[in-house]
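A.B. asks: Next comes upload39.cif, mmCIF, C-alpha atoms:
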```cif
data_upload
#
loop_
_atom_site.group_PDB
_atom_site.id
_atom_site.type_symbol
_atom_site.label_atom_id
_atom_site.label_comp_id
_atom_site.auth_asym_id
_atom_site.auth_seq_id
_atom_site.Cartn_x
_atom_site.Cartn_y
_atom_site.Cartn_z
ATOM 1 C CA LYS A 13 65.260 -88.875 35.752
ATOM 2 C CA SER A 14 68.510 -87.162 36.514
ATOM 3 C CA PRO A 15 71.822 -89.093 36.747
ATOM 4 C CA VAL A 16 72.328 -87.687 40.239
ATOM 5 C CA ALA A 17 69.004 -89.121 41.387
ATOM 6 C CA THR A 18 69.897 -92.448 39.796
ATOM 7 C CA MET A 19 73.210 -92.482 41.667
ATOM 8 C CA LYS A 20 71.416 -91.725 44.925
ATOM 9 C CA ARG A 21 69.029 -94.633 44.381
ATOM 10 C CA CYS A 22 71.976 -96.910 43.646
ATOM 11 C CA VAL A 23 73.717 -95.766 46.825
ATOM 12 C CA ALA A 24 70.548 -96.278 48.851
ATOM 13 C CA ARG A 25 70.252 -99.841 47.610
ATOM 14 C CA HIS A 26 73.939 -100.561 48.189
ATOM 15 C CA PRO A 27 75.079 -98.602 51.280
ATOM 16 C CA GLN A 28 78.546 -100.155 51.170
ATOM 17 C CA LEU A 29 79.190 -97.703 48.323
ATOM 18 C CA ARG A 30 77.759 -94.691 50.134
ATOM 19 C CA ARG A 31 79.466 -91.500 49.090
ATOM 20 C CA CYS A 32 81.008 -89.278 51.739
ATOM 21 C CA PRO A 33 79.848 -85.703 52.433
ATOM 22 C CA GLU A 34 83.312 -84.495 51.457
ATOM 23 C CA VAL A 35 82.769 -85.998 48.019
ATOM 24 C CA SER A 36 81.245 -83.543 45.585
ATOM 25 C CA PRO A 37 78.032 -84.664 43.815
ATOM 26 C CA PRO A 38 78.366 -86.316 40.428
ATOM 27 C CA ARG A 39 78.342 -83.888 37.543
ATOM 28 C CA PRO A 40 75.160 -83.658 35.457
ATOM 29 C CA GLY A 41 75.130 -86.539 33.025
ATOM 30 C CA ALA A 42 77.743 -88.441 35.021
ATOM 31 C CA MET A 43 75.800 -91.705 34.996
ATOM 32 C CA ALA A 44 76.691 -93.815 31.986
ATOM 33 C CA ARG A 45 74.697 -96.911 31.133
ATOM 34 C CA ARG A 46 75.197 -99.991 29.053
ATOM 35 C CA PRO A 47 72.686 -102.738 28.497
ATOM 36 C CA ARG A 48 72.313 -104.482 31.859
ATOM 37 C CA GLN A 49 75.475 -102.880 33.257
ATOM 38 C CA ARG A 50 76.023 -99.554 34.971
ATOM 39 C CA LEU A 51 78.962 -97.186 34.985
ATOM 40 C CA ALA A 52 78.699 -94.309 37.426
ATOM 41 C CA THR A 53 81.078 -91.429 37.998
ATOM 42 C CA MET A 54 81.965 -91.123 41.674
ATOM 43 C CA GLY A 55 82.633 -87.573 42.876
ATOM 44 C CA ARG A 56 86.001 -85.921 43.294
ATOM 45 C CA GLU A 57 87.066 -85.788 46.937
ATOM 46 C CA ARG A 58 88.006 -82.568 48.638
ATOM 47 C CA MET A 59 90.854 -82.587 51.117
ATOM 48 C CA GLY A 60 89.991 -82.892 54.776
ATOM 49 C CA GLU A 61 88.738 -85.407 57.307
ATOM 50 C CA ASN A 62 85.802 -87.414 56.085
ATOM 51 C CA LYS A 63 83.720 -88.472 59.042
ATOM 52 C CA THR A 64 80.749 -90.012 57.274
ATOM 53 C CA ALA A 65 83.050 -92.202 55.192
ATOM 54 C CA GLN A 66 83.589 -94.091 58.440
ATOM 55 C CA ARG A 67 79.970 -95.270 58.403
ATOM 56 C CA TRP A 68 79.569 -98.061 55.923
ATOM 57 C CA ALA A 69 75.942 -99.002 56.612
ATOM 58 C CA ARG A 70 74.660 -102.518 56.251
ATOM 59 C CA PRO A 71 72.230 -103.379 53.438
ATOM 60 C CA SER A 72 68.640 -102.583 54.267
ATOM 61 C CA ALA A 73 66.212 -105.322 55.280
ATOM 62 C CA SER A 74 64.244 -104.785 52.066
ATOM 63 C CA ALA A 75 67.379 -105.250 49.948
ATOM 64 C CA SER A 76 68.277 -108.429 51.796
ATOM 65 C CA ALA A 77 64.731 -109.751 51.453
ATOM 66 C CA SER A 78 64.734 -108.983 47.742
ATOM 67 C CA ALA A 79 68.017 -110.832 47.236
ATOM 68 C CA SER A 80 66.703 -113.809 49.177
ATOM 69 C CA ALA A 81 63.439 -113.928 47.241
ATOM 70 C CA SER A 82 65.276 -113.810 43.924
ATOM 71 C CA GLY A 83 67.558 -116.645 44.926
ATOM 72 C CA SER A 84 70.593 -114.518 44.091
ATOM 73 C CA GLY A 85 72.367 -115.178 47.380
ATOM 74 C CA SER A 86 73.357 -112.759 50.098
ATOM 75 C CA GLY A 87 76.192 -110.339 50.648
ATOM 76 C CA SER A 88 78.187 -108.301 48.167
ATOM 77 C CA VAL A 89 81.640 -108.166 46.613
ATOM 78 C CA LEU A 90 83.479 -104.866 46.314
ATOM 79 C CA ALA A 91 86.512 -104.847 43.988
ATOM 80 C CA LEU A 92 88.730 -101.769 44.172
ATOM 81 C CA ASP A 93 91.542 -100.634 41.955
ATOM 82 C CA PHE A 94 94.459 -99.409 44.088
ATOM 83 C CA ASP A 95 96.430 -96.595 42.433
ATOM 84 C CA GLY A 96 94.030 -93.786 41.674
ATOM 85 C CA VAL A 97 91.213 -95.157 43.845
ATOM 86 C CA VAL A 98 92.784 -95.957 47.224
ATOM 87 C CA CYS A 99 96.300 -94.535 46.876
ATOM 88 C CA ASP A 100 97.959 -91.656 45.056
ATOM 89 C CA SER A 101 101.415 -92.997 44.222
ATOM 90 C CA SER A 102 102.265 -90.738 41.291
ATOM 91 C CA GLY A 103 105.143 -89.051 43.146
ATOM 92 C CA GLU A 104 106.762 -92.314 44.197
ATOM 93 C CA SER A 105 106.342 -94.048 40.848
ATOM 94 C CA SER A 106 107.880 -91.136 38.951
ATOM 95 C CA VAL A 107 110.989 -91.067 41.139
ATOM 96 C CA SER A 108 111.306 -94.863 41.028
ATOM 97 C CA ALA A 109 110.943 -94.752 37.248
ATOM 98 C CA TRP A 110 113.861 -92.324 36.933
ATOM 99 C CA ASP A 111 116.066 -94.512 39.140
ATOM 100 C CA ALA A 112 115.091 -97.686 37.275
ATOM 101 C CA ALA A 113 115.548 -96.097 33.852
ATOM 102 C CA ARG A 114 119.090 -95.083 34.769
ATOM 103 C CA VAL A 115 119.867 -98.771 35.357
ATOM 104 C CA VAL A 116 118.111 -100.037 32.213
ATOM 105 C CA TRP A 117 119.604 -97.382 29.904
ATOM 106 C CA PRO A 118 122.836 -96.178 31.576
ATOM 107 C CA GLU A 119 124.207 -94.904 28.265
ATOM 108 C CA VAL A 120 121.162 -92.615 27.875
ATOM 109 C CA PHE A 121 120.874 -91.370 31.432
ATOM 110 C CA ALA A 122 124.628 -90.808 31.762
ATOM 111 C CA THR A 123 124.674 -88.207 28.987
ATOM 112 C CA GLY A 124 125.065 -84.512 29.510
ATOM 113 C CA ALA A 125 121.397 -84.017 28.684
ATOM 114 C CA ALA A 126 120.402 -86.087 31.704
ATOM 115 C CA ALA A 127 122.882 -84.347 33.986
ATOM 116 C CA GLY A 128 121.818 -80.799 33.207
ATOM 117 C CA ASP A 129 120.437 -78.487 35.851
ATOM 118 C CA GLY A 130 116.820 -79.275 36.607
ATOM 119 C CA VAL A 131 116.559 -82.126 34.083
ATOM 120 C CA LYS A 132 115.745 -84.797 36.663
ATOM 121 C CA SER A 133 113.143 -82.588 38.323
ATOM 122 C CA ARG A 134 111.574 -81.769 34.952
ATOM 123 C CA VAL A 135 111.323 -85.407 33.884
ATOM 124 C CA ILE A 136 109.918 -86.533 37.248
ATOM 125 C CA GLU A 137 107.356 -83.712 37.230
ATOM 126 C CA GLU A 138 106.285 -84.470 33.658
ATOM 127 C CA THR A 139 106.115 -88.209 34.373
ATOM 128 C CA SER A 140 103.681 -87.442 37.186
ATOM 129 C CA ARG A 141 101.591 -85.274 34.847
ATOM 130 C CA VAL A 142 101.113 -88.104 32.350
ATOM 131 C CA ARG A 143 100.178 -90.622 35.050
ATOM 132 C CA PRO A 144 96.542 -90.859 33.825
ATOM 133 C CA ILE A 145 97.625 -92.867 30.763
ATOM 134 C CA VAL A 146 99.690 -95.431 32.695
ATOM 135 C CA GLU A 147 98.045 -98.829 33.080
ATOM 136 C CA THR A 148 101.003 -100.740 34.586
ATOM 137 C CA GLY A 149 103.949 -99.290 36.511
ATOM 138 C CA TYR A 150 106.714 -100.418 34.153
ATOM 139 C CA GLU A 151 105.381 -97.953 31.552
ATOM 140 C CA ASN A 152 106.801 -95.150 33.705
ATOM 141 C CA LEU A 153 110.330 -96.172 32.674
ATOM 142 C CA LEU A 154 109.464 -95.673 29.023
ATOM 143 C CA LEU A 155 107.838 -92.366 29.853
ATOM 144 C CA ALA A 156 110.922 -91.181 31.754
ATOM 145 C CA ARG A 157 113.177 -91.886 28.775
ATOM 146 C CA ALA A 158 110.742 -90.461 26.226
ATOM 147 C CA LEU A 159 110.408 -87.264 28.258
ATOM 148 C CA LEU A 160 114.155 -87.049 28.856
ATOM 149 C CA GLU A 161 114.834 -87.280 25.128
ATOM 150 C CA ARG A 162 111.800 -85.107 24.347
ATOM 151 C CA ARG A 163 110.433 -87.745 22.028
ATOM 152 C CA ALA A 164 106.973 -86.437 22.792
ATOM 153 C CA SER A 165 105.414 -83.665 24.832
ATOM 154 C CA VAL A 166 103.140 -84.192 27.816
ATOM 155 C CA ASP A 167 100.087 -83.368 25.686
ATOM 156 C CA GLU A 168 101.176 -85.712 22.895
ATOM 157 C CA ILE A 169 101.687 -88.554 25.351
ATOM 158 C CA LEU A 170 98.308 -87.989 26.972
ATOM 159 C CA ALA A 171 96.674 -88.010 23.556
ATOM 160 C CA ASP A 172 98.509 -90.904 21.883
ATOM 161 C CA TRP A 173 100.178 -93.214 24.418
ATOM 162 C CA GLY A 174 98.368 -96.246 23.027
ATOM 163 C CA ARG A 175 100.370 -95.881 19.799
ATOM 164 C CA LEU A 176 103.629 -94.661 21.347
ATOM 165 C CA LEU A 177 103.949 -97.457 23.927
ATOM 166 C CA PRO A 178 104.415 -100.422 21.550
ATOM 167 C CA GLN A 179 106.468 -98.259 19.192
ATOM 168 C CA LEU A 180 108.987 -97.359 21.907
ATOM 169 C CA MET A 181 109.048 -100.915 23.274
ATOM 170 C CA ALA A 182 110.022 -102.206 19.830
ATOM 171 C CA GLU A 183 112.473 -99.407 19.020
ATOM 172 C CA TRP A 184 114.334 -99.771 22.310
ATOM 173 C CA GLY A 185 114.211 -103.587 22.342
ATOM 174 C CA CYS A 186 112.316 -103.757 25.653
ATOM 175 C CA GLU A 187 110.692 -106.767 27.271
ATOM 176 C CA ARG A 188 107.854 -106.234 29.719
ATOM 177 C CA GLY A 189 109.277 -108.667 32.300
ATOM 178 C CA ASN A 190 112.654 -106.929 32.374
ATOM 179 C CA LEU A 191 111.091 -103.509 32.874
ATOM 180 C CA VAL A 192 108.808 -104.834 35.631
ATOM 181 C CA GLU A 193 111.829 -106.332 37.392
ATOM 182 C CA ALA A 194 113.889 -103.146 37.068
ATOM 183 C CA PHE A 195 111.002 -101.040 38.388
ATOM 184 C CA GLY A 196 110.569 -103.380 41.357
ATOM 185 C CA ASP A 197 114.306 -103.416 42.075
ATOM 186 C CA ALA A 198 114.387 -99.605 42.166
ATOM 187 C CA ARG A 199 111.489 -99.524 44.604
ATOM 188 C CA ASP A 200 112.965 -102.252 46.792
ATOM 189 C CA SER A 201 116.304 -100.447 46.910
ATOM 190 C CA TRP A 202 114.598 -97.197 47.907
ATOM 191 C CA ILE A 203 112.583 -98.979 50.607
ATOM 192 C CA LYS A 204 115.698 -100.690 51.961
ATOM 193 C CA ASN A 205 117.869 -97.569 52.022
ATOM 194 C CA ASP A 206 115.329 -94.897 52.919
ATOM 195 C CA PRO A 207 111.926 -96.365 53.851
ATOM 196 C CA GLU A 208 110.625 -93.142 55.364
ATOM 197 C CA THR A 209 110.959 -91.023 52.235
ATOM 198 C CA TRP A 210 109.587 -93.852 50.077
ATOM 199 C CA ILE A 211 106.386 -94.079 52.074
ATOM 200 C CA GLN A 212 106.109 -90.275 52.196
ATOM 201 C CA HIS A 213 105.905 -90.205 48.404
ATOM 202 C CA ASN A 214 102.623 -92.148 48.617
ATOM 203 C CA ARG A 215 99.339 -91.042 50.155
ATOM 204 C CA ILE A 216 95.948 -92.578 50.853
ATOM 205 C CA TYR A 217 93.095 -90.472 49.498
ATOM 206 C CA PRO A 218 91.215 -88.650 52.302
ATOM 207 C CA GLY A 219 88.496 -90.772 53.884
ATOM 208 C CA VAL A 220 89.296 -93.883 51.867
ATOM 209 C CA GLY A 221 91.480 -95.592 54.472
ATOM 210 C CA VAL A 222 88.859 -95.372 57.209
ATOM 211 C CA ALA A 223 86.086 -96.498 54.864
ATOM 212 C CA LEU A 224 88.179 -99.457 53.696
ATOM 213 C CA GLU A 225 88.927 -100.485 57.275
ATOM 214 C CA LYS A 226 85.215 -100.418 58.128
ATOM 215 C CA ALA A 227 84.371 -102.407 55.011
ATOM 216 C CA LEU A 228 86.863 -105.130 55.922
ATOM 217 C CA ARG A 229 85.124 -105.635 59.275
ATOM 218 C CA ARG A 230 81.766 -106.384 57.709
ATOM 219 C CA ASP A 231 80.616 -109.977 57.450
ATOM 220 C CA ASP A 232 78.284 -109.261 54.524
ATOM 221 C CA LEU A 233 80.906 -107.687 52.254
ATOM 222 C CA ASP A 234 83.923 -109.312 50.591
ATOM 223 C CA VAL A 235 86.563 -106.740 49.611
ATOM 224 C CA TYR A 236 89.265 -107.293 47.002
ATOM 225 C CA ILE A 237 91.905 -105.070 45.464
ATOM 226 C CA VAL A 238 92.338 -105.704 41.742
ATOM 227 C CA THR A 239 95.468 -103.907 40.571
ATOM 228 C CA THR A 240 98.461 -103.826 38.268
ATOM 229 C CA LYS A 241 100.655 -102.988 41.282
ATOM 230 C CA GLN A 242 102.727 -105.728 42.873
ATOM 231 C CA THR A 243 101.081 -107.157 45.984
ATOM 232 C CA ARG A 244 103.922 -106.441 48.392
ATOM 233 C CA TYR A 245 103.701 -102.698 47.748
ATOM 234 C CA VAL A 246 99.924 -102.620 48.174
ATOM 235 C CA VAL A 247 100.153 -104.427 51.503
ATOM 236 C CA ARG A 248 103.041 -102.264 52.725
ATOM 237 C CA ILE A 249 101.355 -98.959 51.842
ATOM 238 C CA LEU A 250 98.061 -99.925 53.492
ATOM 239 C CA SER A 251 99.911 -101.121 56.596
ATOM 240 C CA GLN A 252 102.071 -98.020 57.006
ATOM 241 C CA LEU A 253 99.730 -95.271 55.841
ATOM 242 C CA ALA A 254 96.315 -96.590 56.896
ATOM 243 C CA ASP A 255 97.203 -99.128 59.608
ATOM 244 C CA ILE A 256 95.283 -101.772 57.657
ATOM 245 C CA ASP A 257 96.423 -105.384 57.637
ATOM 246 C CA PHE A 258 95.077 -106.240 54.194
ATOM 247 C CA PRO A 259 95.289 -109.966 53.354
ATOM 248 C CA ASP A 260 97.716 -110.849 50.561
ATOM 249 C CA ALA A 261 95.183 -113.332 49.214
ATOM 250 C CA LYS A 262 92.681 -110.522 48.629
ATOM 251 C CA VAL A 263 95.079 -108.607 46.351
ATOM 252 C CA ILE A 264 94.692 -109.688 42.731
ATOM 253 C CA SER A 265 97.821 -108.374 40.975
ATOM 254 C CA SER A 266 98.457 -108.621 37.246
ATOM 255 C CA THR A 267 101.826 -106.844 37.206
ATOM 256 C CA VAL A 268 103.780 -109.756 35.773
ATOM 257 C CA SER A 269 101.045 -111.716 33.998
ATOM 258 C CA GLY A 270 99.484 -108.697 32.314
ATOM 259 C CA ILE A 271 96.045 -110.313 32.353
ATOM 260 C CA PRO A 272 93.237 -107.789 31.824
ATOM 261 C CA LYS A 273 91.296 -106.664 34.865
ATOM 262 C CA ALA A 274 88.162 -107.940 33.148
ATOM 263 C CA THR A 275 89.625 -111.444 33.336
ATOM 264 C CA ALA A 276 90.461 -111.031 37.017
ATOM 265 C CA ILE A 277 86.959 -109.716 37.769
ATOM 266 C CA ASN A 278 85.377 -112.575 35.841
ATOM 267 C CA GLU A 279 87.412 -115.136 37.809
ATOM 268 C CA LEU A 280 86.303 -113.531 41.063
ATOM 269 C CA MET A 281 82.707 -113.679 39.888
ATOM 270 C CA GLU A 282 83.049 -117.394 39.273
ATOM 271 C CA LYS A 283 84.532 -117.789 42.750
ATOM 272 C CA HIS A 284 81.682 -115.839 44.375
ATOM 273 C CA ALA A 285 78.796 -116.957 42.200
ATOM 274 C CA ASP A 286 76.174 -116.781 44.964
ATOM 275 C CA VAL A 287 76.517 -113.153 46.117
ATOM 276 C CA SER A 288 73.633 -110.737 45.629
ATOM 277 C CA SER A 289 75.553 -107.794 44.134
ATOM 278 C CA TRP A 290 78.885 -106.929 42.514
ATOM 279 C CA HIS A 291 80.704 -103.572 42.485
ATOM 280 C CA PHE A 292 83.921 -102.522 40.745
ATOM 281 C CA VAL A 293 85.546 -99.115 41.373
ATOM 282 C CA GLU A 294 88.233 -98.027 38.901
ATOM 283 C CA ASP A 295 89.802 -94.713 37.907
ATOM 284 C CA ARG A 296 90.640 -95.569 34.275
ATOM 285 C CA PHE A 297 87.695 -95.099 31.949
ATOM 286 C CA GLU A 298 89.449 -97.166 29.281
ATOM 287 C CA THR A 299 89.493 -100.153 31.645
ATOM 288 C CA LEU A 300 85.781 -99.856 32.414
ATOM 289 C CA ASP A 301 84.843 -99.153 28.822
ATOM 290 C CA GLY A 302 86.774 -102.244 27.744
ATOM 291 C CA MET A 303 84.898 -104.612 30.035
ATOM 292 C CA PRO A 304 83.087 -107.395 28.148
ATOM 293 C CA ALA A 305 79.425 -107.012 27.315
ATOM 294 C CA ALA A 306 76.907 -107.944 29.951
ATOM 295 C CA SER A 307 76.169 -111.210 28.147
ATOM 296 C CA GLU A 308 79.692 -112.352 29.001
ATOM 297 C CA MET A 309 79.602 -111.271 32.654
ATOM 298 C CA ARG A 310 77.120 -111.060 35.495
ATOM 299 C CA LYS A 311 74.145 -108.857 34.744
ATOM 300 C CA ASP A 312 74.316 -107.206 38.169
ATOM 301 C CA LEU A 313 77.879 -105.905 37.827
ATOM 302 C CA ARG A 314 77.953 -102.209 38.691
ATOM 303 C CA MET A 315 80.981 -100.177 37.635
ATOM 304 C CA TYR A 316 82.107 -96.822 39.019
ATOM 305 C CA LEU A 317 84.631 -94.301 37.672
ATOM 306 C CA ALA A 318 86.468 -92.592 40.554
ATOM 307 C CA ASP A 319 87.118 -89.184 39.073
ATOM 308 C CA TRP A 320 89.510 -88.109 41.827
ATOM 309 C CA GLY A 321 92.008 -90.588 40.393
ATOM 310 C CA TYR A 322 94.192 -90.737 37.310
ATOM 311 C CA ASN A 323 91.800 -89.631 34.607
ATOM 312 C CA VAL A 324 91.393 -86.522 32.504
ATOM 313 C CA GLN A 325 88.391 -84.407 31.611
ATOM 314 C CA ARG A 326 87.779 -85.989 28.223
ATOM 315 C CA GLU A 327 87.498 -89.410 29.925
ATOM 316 C CA ARG A 328 84.991 -88.062 32.445
ATOM 317 C CA ASP A 329 83.076 -86.553 29.550
ATOM 318 C CA ALA A 330 83.209 -89.908 27.745
ATOM 319 C CA ALA A 331 81.822 -91.650 30.811
ATOM 320 C CA ALA A 332 79.041 -89.087 31.014
ATOM 321 C CA GLY A 333 78.209 -89.383 27.331
ATOM 322 C CA SER A 334 78.450 -93.140 26.849
ATOM 323 C CA GLY A 335 75.095 -93.922 28.397
ATOM 324 C CA SER A 336 71.901 -94.636 26.597
#
```
Turn the structure described in the file into structure tokens.
C.D. replies:
Amino acid sequence: KSPVATMKRCVARHPQLRRCPEVSPPRPGAMARRPRQRLATMGRERMGENKTAQRWARPSASASASASASGSGSGSVLALDFDGVVCDSSGESSVSAWDAARVVWPEVFATGAAAGDGVKSRVIEETSRVRPIVETGYENLLLARALLERRASVDEILADWGRLLPQLMAEWGCERGNLVEAFGDARDSWIKNDPETWIQHNRIYPGVGVALEKALRRDDLDVYIVTTKQTRYVVRILSQLADIDFPDAKVISSTVSGIPKATAINELMEKHADVSSWHFVEDRFETLDGMPAASEMRKDLRMYLADWGYNVQRERDAAAGSGS
């Protein structure tokens, strides 16, 4: 049976994840399977108003009856990544990274190389282009310096950031906590001095804001945001761009702690042990591919790769080819 048909059956069983008509169908082979877990590729959104995304249907009577008969509880939990799933913040994070890097390494960013015509624009543009490899925001500072000094090209960074990141951290004597603080200070300063342009450098993906608002109103669906972004920025962006008052307590942020998302998801599963189904939407294939085996987590965890987010073609191909 085709992956597209499989995705449709999954959507039919779990309407809270219904795709919008403005979302293109999954590519052939886009459904990737693991033993007792599922990773699906959700379609890339096209720009424009998404009316059907506003209709998050309730589970069917048959689905509810099945859950009741199996003793697996009722209701569902939907865990969403933020950057790359709900919000495109690549423009804002690249500018904030430049400003923060100037504070962390003033001797580097005060050189003639940094002051040349078009240098800032080049570095910010290239930092945005390598956004798919960023797991946590502080990495953007390292990228800004590496790109400024031309330590690696955009293609080299996309291909080998896993090796370059610890190498640069060690070479430049960086500590994660200090970079996180500097990145946050740059954002806070921008928000304080020019809140309008800061918010304009972020955007909610078309249709997602309305769908999220509808989901939050449902009494059979618990929605969380599991992210490496600091909570205060998540809440502010949703409030200003989507008019959503998202509860702080429902944002699980690992910016400072650095705990893996798998750990955060597992803790949520323990907290909601009686729900009938679990869904996790993420835009980084590496994060989904690194989730523990089904024997270590709930068997009914369904995972989805949002391919409109920060991923590249080889990761979409990997998701399509990793099934059995």
A.B. asks: With only C-alpha atoms as the counted atoms, please give the residues lying no more than 6 Å from A:Met303, apart from itself and same-chain residues fewer than 2 positions off, as a PyMOL selection string.
C.D. replies: chain A and resi 274+300-301
A.B. asks: If I take atom CA of A:Gly333 and atom CA of A:Trp320, how far is one from the other in Å, to one decimal?
C.D. replies: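 Value for the atom CA of A:Gly333-atom CA of A:Trp320 distance: 18.4 Å.
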A.B. asks: As a ChimeraX atom specification, please: the residues near stretch 167-176 of chain A (cut-off 9 Å, only C-alpha atoms, same-chain neighbours under 3 positions excluded).
C.D. replies: /A:141-146,155,164,179-181,324
A.B. asks: For A:His291, list every protein, DNA or RNA residue within 6 Å, evaluated using only C-alpha atoms, and leave out those in the same chain fewer than 3 positions away; present the list as a ChimeraX atom specification.
C.D. replies: /A:90,313-315
A.B. asks: Apply the PyMOL selection byres ((chain A and resi 322) around 6) to the file shown and report the selected residues as a list of chain:residue names.
C.D. replies: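 In the shown coordinates, the PyMOL selection byres ((chain A and resi 322) around 6) covers A:Gly96, A:Pro144, A:Asp295, A:Gly321, A:Asn323.
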A.B. asks: Counting all atoms listed in the file, which of A:Leu160, A:Val220, A:Ile211, A:Leu153 gets nearest to A:Gly103?
C.D. replies: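 Among A:Leu160, A:Val220, A:Ile211, A:Leu153, it is A:Ile211 that comes nearest to A:Gly103.
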A.B. asks: Since fewer atoms than expected are present, regenerate N, CA and C atoms for stretch 128-142 of chain A and write them as a short mmCIF file (atom, residue, chain, number, x, y, z; two decimals), in the coordinates of the input.
C.D. replies:
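Saved result, selection27.cif, follows:
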```cif
data_model
loop_
_atom_site.label_atom_id
_atom_site.label_comp_id
_atom_site.auth_asym_id
_atom_site.auth_seq_id
_atom_site.Cartn_x
_atom_site.Cartn_y
_atom_site.Cartn_z
N GLY A 128 121.99 -82.24 33.17
CA GLY A 128 121.82 -80.80 33.21
C GLY A 128 121.01 -80.33 34.41
N ASP A 129 121.15 -79.05 34.72
CA ASP A 129 120.44 -78.49 35.85
C ASP A 129 118.93 -78.61 35.65
N GLY A 130 118.27 -79.19 36.63
CA GLY A 130 116.82 -79.28 36.61
C GLY A 130 116.24 -80.34 35.71
N VAL A 131 117.09 -81.12 35.02
CA VAL A 131 116.56 -82.13 34.08
C VAL A 131 115.81 -83.22 34.84
N LYS A 132 116.41 -83.74 35.90
CA LYS A 132 115.74 -84.80 36.66
C LYS A 132 114.41 -84.32 37.21
N SER A 133 114.39 -83.13 37.77
CA SER A 133 113.14 -82.59 38.32
C SER A 133 112.10 -82.42 37.24
N ARG A 134 112.52 -81.95 36.06
CA ARG A 134 111.57 -81.77 34.95
C ARG A 134 110.96 -83.09 34.53
N VAL A 135 111.81 -84.11 34.35
CA VAL A 135 111.32 -85.41 33.88
C VAL A 135 110.39 -86.04 34.92
N ILE A 136 110.76 -85.96 36.20
CA ILE A 136 109.92 -86.53 37.25
C ILE A 136 108.57 -85.82 37.30
N GLU A 137 108.60 -84.49 37.19
CA GLU A 137 107.36 -83.71 37.23
C GLU A 137 106.47 -84.05 36.04
N GLU A 138 107.06 -84.16 34.85
CA GLU A 138 106.28 -84.47 33.66
C GLU A 138 105.78 -85.91 33.67
N THR A 139 106.57 -86.82 34.24
CA THR A 139 106.12 -88.21 34.37
C THR A 139 104.88 -88.28 35.27
N SER A 140 104.85 -87.48 36.32
CA SER A 140 103.68 -87.44 37.19
C SER A 140 102.47 -86.88 36.44
N ARG A 141 102.70 -85.91 35.57
CA ARG A 141 101.59 -85.27 34.85
C ARG A 141 100.93 -86.22 33.85
N VAL A 142 101.70 -87.17 33.32
CA VAL A 142 101.11 -88.10 32.35
C VAL A 142 100.64 -89.40 33.01
#
```
